[in-house]
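First comes the structure, then the notes that go with it.
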Amino acid sequence: MRARLFVTEALRSITSNLSTTIAAAMTVLIGMFLLGLFIALGSWVVSWTDHVKQEVLVKVFFEQDVKAKEVNAVRAQLDAMPEVSRIVYVSPADALARMKEQAPDLVENLTSNPLPPAFEVTPKQAEDVDKIAARLAPPPVGVDTVDYAQKKTERVLKVARIIEIVFLLAAAVLLLASIILIANTIRLSIFARRREIEVMKLVGATNWFVRGPFMLEGLICGLTGALIAVVLLFVGRELALPAIFSDTIKDAGSDVSAWSFELVAGILVGAGLLLGALGSGITLRRFLRV
């Protein structure tokens, strides 16, 4: 019975204050649409930074006349490091084949192979490259140099950290701004019915009995705005995204991707419902102090 009363009151409020309801739904729509765009773009960029981090390597270059036991000793030392994820041995022939693919002009006139054998060491976390390199200093017997492109690596890691921080802060700001906008919009509807709320409180209605219809109204507005935002994002993904970013997506790598559309849609619907309820609940608090 109480649930039916809440639904009836919420629907009555929505129909009697249609302009306010539309304004609240549009506020949610704009907020959720921007949040959806940012989640999609931000998750893709974070995935791209993870892809770039995977290319961060420690390269151990051996001397030309290195002995097999010296190579094995270095491998054993690397295997014992907890920061190491994978070790790939690159023979002089493999290194020359790579050079022919990447810079054929540099090797076309070579009469012998000047490239030394090497290890390419992948860390478990890109931030651990300096630790791995430090543990190989001074270079073990048979090792010529240990290189991990320090300046480039530090720049990549710094950019990755900035992107992740900006993504989290922007998402938090969007959510907070949406709550404030929805609260201000719904406040107009509640203000128009403040006398009714005061009378209900004076005759003994509990705070939750008064709050229920308004929170349900906020949920309906939040759900409506979020669903429309999801539809617009779906249309944009199907029509605009392939035309604008198709080449960029292909060049980034097969392992680079944004969060799935289903996950983003679920987040937006949940956020829309939560923001609608919070916007109503927060705004109504001042009118319940009778």
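As shown in the structure tokens, the chain order sets the letters A, B, ...; within each chain, residues go from 1, and ligands are also counted from 1 in the order they appear.
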Can you list, as a ChimeraX atom specification, all residues belonging to stretch 20-197 of chain A that DSSP tags as strand (DSSP E or B)? /A:58-62,84-90,118-123,143-147
Any chance you can output those residues with N, CA and C atoms as an mmCIF file, in the first residue's frame?
data_model
loop_
_atom_site.group_PDB
_atom_site.id
_atom_site.type_symbol
_atom_site.label_atom_id
_atom_site.label_comp_id
_atom_site.auth_asym_id
_atom_site.auth_seq_id
_atom_site.Cartn_x
_atom_site.Cartn_y
_atom_site.Cartn_z
ATOM 1 N N VAL A 58 64.440 -3.728 -20.180
ATOM 2 C CA VAL A 58 65.849 -3.596 -19.803
ATOM 3 C C VAL A 58 66.637 -4.461 -20.784
ATOM 4 N N LYS A 59 67.547 -3.856 -21.513
ATOM 5 C CA LYS A 59 68.322 -4.592 -22.505
ATOM 6 C C LYS A 59 69.745 -4.806 -21.989
ATOM 7 N N VAL A 60 70.117 -6.064 -21.934
ATOM 8 C CA VAL A 60 71.446 -6.455 -21.462
ATOM 9 C C VAL A 60 72.259 -6.883 -22.670
ATOM 10 N N PHE A 61 73.233 -6.060 -23.067
ATOM 11 C CA PHE A 61 74.059 -6.349 -24.232
ATOM 12 C C PHE A 61 75.360 -7.026 -23.789
ATOM 13 N N PHE A 62 75.633 -8.176 -24.383
ATOM 14 C CA PHE A 62 76.846 -8.915 -24.041
ATOM 15 C C PHE A 62 78.006 -8.492 -24.936
ATOM 16 N N VAL A 84 61.329 -9.343 -12.303
ATOM 17 C CA VAL A 84 61.432 -9.766 -13.710
ATOM 18 C C VAL A 84 60.244 -10.645 -14.078
ATOM 19 N N SER A 85 59.615 -10.311 -15.204
ATOM 20 C CA SER A 85 58.488 -11.094 -15.701
ATOM 21 C C SER A 85 58.899 -12.061 -16.806
ATOM 22 N N ARG A 86 59.741 -11.601 -17.741
ATOM 23 C CA ARG A 86 60.117 -12.451 -18.871
ATOM 24 C C ARG A 86 61.506 -12.077 -19.357
ATOM 25 N N ILE A 87 62.241 -13.088 -19.842
ATOM 26 C CA ILE A 87 63.581 -12.872 -20.391
ATOM 27 C C ILE A 87 63.615 -13.478 -21.796
ATOM 28 N N VAL A 88 64.003 -12.675 -22.750
ATOM 29 C CA VAL A 88 64.085 -13.140 -24.146
ATOM 30 C C VAL A 88 65.533 -12.991 -24.616
ATOM 31 N N TYR A 89 66.093 -14.100 -25.105
ATOM 32 C CA TYR A 89 67.451 -14.051 -25.629
ATOM 33 C C TYR A 89 67.402 -13.661 -27.102
ATOM 34 N N VAL A 90 68.183 -12.654 -27.474
ATOM 35 C CA VAL A 90 68.257 -12.183 -28.859
ATOM 36 C C VAL A 90 69.655 -12.485 -29.375
ATOM 37 N N ALA A 118 72.077 -10.471 -26.808
ATOM 38 C CA ALA A 118 71.488 -9.623 -25.762
ATOM 39 C C ALA A 118 70.309 -10.336 -25.103
ATOM 40 N N PHE A 119 69.978 -9.850 -23.920
ATOM 41 C CA PHE A 119 68.745 -10.244 -23.241
ATOM 42 C C PHE A 119 67.793 -9.054 -23.262
ATOM 43 N N GLU A 120 66.522 -9.308 -23.571
ATOM 44 C CA GLU A 120 65.469 -8.303 -23.408
ATOM 45 C C GLU A 120 64.627 -8.715 -22.207
ATOM 46 N N VAL A 121 64.696 -7.912 -21.154
ATOM 47 C CA VAL A 121 64.074 -8.254 -19.878
ATOM 48 C C VAL A 121 62.813 -7.415 -19.695
ATOM 49 N N THR A 122 61.678 -8.092 -19.565
ATOM 50 C CA THR A 122 60.405 -7.416 -19.339
ATOM 51 C C THR A 122 60.094 -7.423 -17.844
ATOM 52 N N PRO A 123 59.915 -6.256 -17.229
ATOM 53 C CA PRO A 123 59.596 -6.219 -15.787
ATOM 54 C C PRO A 123 58.118 -6.530 -15.547
ATOM 55 N N VAL A 143 79.132 -8.991 -19.757
ATOM 56 C CA VAL A 143 78.137 -7.986 -20.147
ATOM 57 C C VAL A 143 78.844 -6.696 -20.528
ATOM 58 N N ASP A 144 78.460 -6.138 -21.662
ATOM 59 C CA ASP A 144 79.043 -4.879 -22.124
ATOM 60 C C ASP A 144 78.295 -3.695 -21.519
ATOM 61 N N THR A 145 76.987 -3.605 -21.767
ATOM 62 C CA THR A 145 76.191 -2.492 -21.236
ATOM 63 C C THR A 145 74.801 -2.981 -20.845
ATOM 64 N N VAL A 146 74.198 -2.239 -19.924
ATOM 65 C CA VAL A 146 72.802 -2.461 -19.525
ATOM 66 C C VAL A 146 72.056 -1.159 -19.789
ATOM 67 N N ASP A 147 71.022 -1.234 -20.610
ATOM 68 C CA ASP A 147 70.327 -0.015 -21.033
ATOM 69 C C ASP A 147 68.819 -0.213 -20.900
#
A:Phe38 environment, 10 Å, only C-alpha atoms, sequence neighbours closer than 5 positions dropped, as a PyMOL selection string: chain A and resi 32-33+43-44+167+170-171+174
Emit the selected residues as an mmCIF file, in the first residue's frame, including C-alpha atoms.
data_model
loop_
_atom_site.group_PDB
_atom_site.id
_atom_site.type_symbol
_atom_site.label_atom_id
_atom_site.label_comp_id
_atom_site.auth_asym_id
_atom_site.auth_seq_id
_atom_site.Cartn_x
_atom_site.Cartn_y
_atom_site.Cartn_z
ATOM 1 C CA MET A 32 25.814 10.987 -18.028
ATOM 2 C CA PHE A 33 26.615 11.609 -21.699
ATOM 3 C CA SER A 43 39.692 3.813 -20.379
ATOM 4 C CA TRP A 44 41.078 3.631 -23.923
ATOM 5 C CA PHE A 167 40.955 10.320 -15.416
ATOM 6 C CA ALA A 170 37.670 14.282 -13.914
ATOM 7 C CA ALA A 171 35.262 11.409 -13.233
ATOM 8 C CA LEU A 174 31.679 15.142 -13.255
#
Got a sec: who's within 10 Å of A:Leu273, counting only C-alpha atoms, leaving out chain neighbours fewer than 4 positions off, as a PyMOL selection string? chain A and resi 28+215-216+218-226+267-269+277-279
Near stretch 158-165 of chain A, 9 Å: stretch 47-128 of chain A residue rows, closest pairs, only C-alpha atoms, as JSON lines:
{"residue": "A:Thr49", "atom": "CA", "partner": "A:Ala160", "partner_atom": "CA", "distance": 5.6}
{"residue": "A:Asp50", "atom": "CA", "partner": "A:Ala160", "partner_atom": "CA", "distance": 8.0}
{"residue": "A:Val52", "atom": "CA", "partner": "A:Ala160", "partner_atom": "CA", "distance": 8.9}
{"residue": "A:Lys53", "atom": "CA", "partner": "A:Ala160", "partner_atom": "CA", "distance": 8.4}
Can I get the selection written as a CSV table (one decimal), in the first residue's frame, with C-alpha atoms?
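Saved the output as again_32.csv:
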chain,number,residue,atom,x,y,z
A,49,THR,CA,49.4,3.6,-21.6
A,50,ASP,CA,49.5,0.0,-20.3
A,52,VAL,CA,53.2,1.4,-23.9
A,53,LYS,CA,54.4,0.3,-20.5
Counting only C-alpha atoms, the residue of A:Gln64, A:Ala258, A:Pro104, A:Leu169 that sits nearest A:Trp48: A:Ala258
Looking at only C-alpha atoms, which of A:Ala95, A:Leu34, A:Val230, A:Val74 is the one that sits closest to A:Val141?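 Selected residue with least distance to A:Val141: A:Val74.
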Could you check how far atom CA of A:Trp259 sits from atom CA of A:Ile180, in Å to one decimal?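 One can read the atom CA of A:Trp259 to atom CA of A:Ile180 distance as 27.0 Å.
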